[in-house]
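So the structure is just underneath, and the comments pick up after that.
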Amino acid sequence: MSINRNEFTLLLAAKRRPAATQRQLAAESGLSLGTVNGLVKDLQVKGLLEEGRITAKGMAELKPYQVDNAVIMAAGLSSRFAPVSYERPKGLLTVRGEVLIERQIRQLQEAGVPEIMVVVGYKKEQFFYLEEKFGVQIVVNHQFASRNNNSTLMMVREMLGNTYICSSDDYFTTNPFEPYVWQAYYSAEYSEGYTKEWCISTGRRDRIESVTIGGSDAWFMTGHAYFDRQFSQAFAQILVDVYDDPRTEGKLWEEIYLDHVDRLDMEIRRYEPGVIYEFDTLDELREFDPLFLQNLDSDIFDNMVQVLGCSKDEIHDVYPLKKGLTNLSCHFATNDGEYVYRHPGIGTDKMIDRSAEMAALALAKKTGIDNTFIYGDPQKGWKISLFLKGARELDPHDPAQLDRAMKLARKLHDQDLVLDRTFDYFQESKKYEALLREKGQIEVPDYASMAAQAARLDAHVKADDARVCLTHNDFFNLNLLIDQDDVLNLIDWEYAGMSDYASDFGTFVVTCMLEPQEAEHALTCYFDRTPTPQEHRHNMAHVALAGWCWYVWALQKESEGDYVGDWMYTYYRYAKQYLALALAEYED
């Protein structure tokens, strides 16, 4: 025997409200009284209902629709929620007196969901307590930094059945979960006017047929989803089939579903406004919970208040800036202006001398090379700077701007500045290599041969006995900002130190990915003349050593669980090419 949707709905109503009248069942189920009258007769004939009560046979008919479990996705970085997410995952924030993920777990358990899996990644240890407190199962996603949330569902694919798919940072004002669900759905809310959300188009019986990003007067995807067993089986197989395709890495699971929407049957579940809340920004959350910041235990906001002399209530317009390879940064504003908060990245305490960085920043500000610096903590590594509104990055491929960058480098090198820190590309690479070897053998093809080349080239460079001065050592276009007054600022002095003058040229060529002819032009701009053969080989050697140093740095960063993306290959490529070229200039 099988039941239809209306029968399913009425059986559930009878289960929730035993011995109810038909009028009461109509109110409970949302079906019309006439429909209920007919259904009651049919269900009694089938032996599923008796005197307004669901029978054992009726319960057996509901069994295939009973929820098996829930997956709460809590692995992501929540980068849009900077800087709060720098200290704790978004799902662990306290909103209106409750921790977001705890509130959701309680709602699932109150609905009778028997098993809850929390998939964690970023700051995973902060979620572990949930296992003891609520009896949930913790699943660790080791790919959270390099893939989108498709990796979370890949981790639990064998446990998908009748499963709720939830986000740890959603807030439901009323409990949306149920112990029995008819079929797979995605929750949705209606937007009057334009929305940038994912807008749903439906077909027969409310089946989701397509989704467009952005639309007007439309239902849009929000909140949780539900997979029934048929959907779970089909989706899990599709996920396995496409997982190793490089194009899949950055996709949300919803995108994979929509790529195969013709094979995956999912309907829309509509909710009234005010039930589901997704907080994309700090300002959105503060609108929902005006006391959020006042009640937030945050060293970051305490730092802002202490340095700028503002109140927490003043802080607004908070949003993440482009993530750097070493640190995380966000924009924020107060009544007095706009600022950038820099938060140290993973493992930087082992790699960067923060005291030297702050001393270099003070020198750079004093000489007018960096006018943005306000304050930095030499122990913890955080920093507050002015936000240069309307600033643009220098274009290293524009000859005039390239010339301007080289002139600024020369200006820095000609200053009579002394910093109590030395910087040497080859020695830095050895430090990163030592950190790598703490984790075991470096099993990278051609690493050993390239390391030997770097050592040989470093010996040639040292024999040149070149000029030592204060260098920036992260000298490239992302750190060269032109403000609204056309003033060029050199920011981010983490690697600054007393070094060979050619160090900044080396980094610039590598990180700006200059072509050989552009590198030649840059060197001419730096000297304001044609370089001598000795100057040429010395500077090209520093391109090789910079590439090598940052390549080993990238290997170390990824060994710590960070993800540097395409930069690792860029560093490798320049190290490989210029090690050979520079050695040829010295040895031939």
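Order determines the names: the first chain of the structure tokens is A, the second B, and so forth; residues in each chain are numbered 1 upward, and ligands are numbered 1 upward as they are shown.
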Please provide as a VMD selection string all residues within 8 Å of A:Met568, with the sequence filter that same-chain residues fewer than 6 positions apart are discarded (counting only C-alpha atoms). chain A and resid 550 to 551 554 to 555
Saved selection, atoms kept: C-alpha atoms, as a compact mmCIF listing (two decimals), in the first residue's frame:
# COMPACT_ATOMS: atom_id res chain seq x y z
CA TRP A 550 58.47 32.43 -1.51
CA TYR A 551 58.10 28.99 -3.05
CA ALA A 554 54.18 28.60 0.14
CA LEU A 555 55.01 24.95 0.80
Check the DSSP output for the backbone and give back, as number ranges by chain, the residues of stretch 48-285 of chain A in strand (DSSP E). A: 49-50, 53-54, 69-74, 94-95, 98-99, 116-120, 137-140, 163-167, 171-172, 185-202, 208-227, 267-271, 276-277
Please provide as a ChimeraX atom specification all residues within 8 Å of A:Trp382, with the sequence filter that same-chain residues fewer than 2 positions apart are discarded (counting only C-alpha atoms). /A:341-344,376-378,380,384
Nearest candidate to A:Arg270 (options A:Pro531, A:Gly38, A:Pro176, A:Pro396; using only C-alpha atoms): A:Pro176
Close residues, A:Gln126 itself excluded, 10 Å, only C-alpha atoms, min 4 positions apart in chain, as a ChimeraX atom specification: /A:88-89,92,120-122,130
Any chance you can output those residues with N, CA and C atoms as a short mmCIF file (atom, residue, chain, number, x, y, z; two decimals), in the first residue's frame?
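Wrote result22.cif, looks like this:
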data_model
loop_
_atom_site.label_atom_id
_atom_site.label_comp_id
_atom_site.auth_asym_id
_atom_site.auth_seq_id
_atom_site.Cartn_x
_atom_site.Cartn_y
_atom_site.Cartn_z
N ARG A 88 36.25 33.50 16.02
CA ARG A 88 35.43 32.30 16.23
C ARG A 88 34.55 32.07 15.01
N PRO A 89 34.18 30.82 14.74
CA PRO A 89 33.28 30.54 13.62
C PRO A 89 31.93 31.22 13.81
N LEU A 92 29.09 29.96 16.09
CA LEU A 92 29.25 29.99 17.54
C LEU A 92 28.99 31.37 18.13
N VAL A 120 32.79 20.07 10.66
CA VAL A 120 33.60 21.22 11.07
C VAL A 120 34.90 21.26 10.28
N GLY A 121 35.52 22.44 10.24
CA GLY A 121 36.81 22.61 9.57
C GLY A 121 37.56 23.76 10.19
N TYR A 122 37.19 24.99 9.82
CA TYR A 122 37.82 26.20 10.36
C TYR A 122 37.60 26.28 11.86
N LEU A 130 30.25 20.38 21.57
CA LEU A 130 28.87 20.06 21.21
C LEU A 130 28.60 18.55 21.31
#
Mind pulling up the distance from atom CA of A:Arg263 to atom CA of A:Ala234?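 Atom CA of A:Arg263 lies at a distance of 7.9 Å from atom CA of A:Ala234.
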Do you know which residues are at most 9 Å from A:Leu308 counting only C-alpha atoms, after dropping those on the same chain fewer than 5 positions away, and could you put them as a ChimeraX atom specification? /A:303,334,336
Would you pick out the contacts of A:Glu28 at 12 Å or less, using only C-alpha atoms, so that residues sharing its chain but fewer than 3 positions from it are not included, and give the list as a PyMOL selection string? chain A and resi 9-18+20-25+31-33+36
Please compute the atom CA of A:His316-atom CA of A:Asn477 distance, one decimal, in Å.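 Interatomic distance, atom CA of A:His316 to atom CA of A:Asn477: 28.6 Å.
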If you run DSSP on the backbone here, which positions in stretch 41-118 of chain A get helix (DSSP H, G or I)? Please write them as JSON, numbers by chain. {"A": [41, 42, 43, 44, 45, 56, 57, 58, 59, 60, 61, 62, 63, 64, 65, 79, 80, 81, 84, 85, 86, 87, 90, 91, 92, 100, 101, 102, 103, 104, 105, 106, 107, 108, 109, 110]}
Have a look at A:Tyr171, A:Phe508, A:Tyr257, A:Phe134 and name the one nearest to A:Ser210; count only C-alpha atoms.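 Selected residue with least distance to A:Ser210: A:Tyr257.
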Distance atom CA of A:Ala60-atom CA of A:Ala26, one decimal place?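 These atoms are spaced 22.4 Å apart.
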Report as JSON lines: every residue of stretch 121-217 of chain A with an atom at most 6 Å from stretch 222-231 of chain A, its closest pair of atoms, and their distance in Å to one decimal, counting only C-alpha atoms, with rows sorted by chain and ascending residue number.
{"residue": "A:Gly161", "atom": "CA", "partner": "A:Arg229", "partner_atom": "CA", "distance": 4.4}
{"residue": "A:Asn162", "atom": "CA", "partner": "A:Asp228", "partner_atom": "CA", "distance": 4.3}
{"residue": "A:Thr163", "atom": "CA", "partner": "A:Phe227", "partner_atom": "CA", "distance": 5.1}
{"residue": "A:Tyr164", "atom": "CA", "partner": "A:Tyr226", "partner_atom": "CA", "distance": 4.5}
{"residue": "A:Ile165", "atom": "CA", "partner": "A:Ala225", "partner_atom": "CA", "distance": 5.1}
{"residue": "A:Cys166", "atom": "CA", "partner": "A:His224", "partner_atom": "CA", "distance": 4.8}
{"residue": "A:Gln183", "atom": "CA", "partner": "A:Asp228", "partner_atom": "CA", "distance": 5.5}
{"residue": "A:Ala184", "atom": "CA", "partner": "A:Phe227", "partner_atom": "CA", "distance": 4.6}
{"residue": "A:Tyr185", "atom": "CA", "partner": "A:Tyr226", "partner_atom": "CA", "distance": 5.2}
{"residue": "A:Tyr186", "atom": "CA", "partner": "A:Ala225", "partner_atom": "CA", "distance": 4.4}
{"residue": "A:Ser187", "atom": "CA", "partner": "A:Thr222", "partner_atom": "CA", "distance": 5.8}
{"residue": "A:Ala188", "atom": "CA", "partner": "A:Thr222", "partner_atom": "CA", "distance": 5.3}
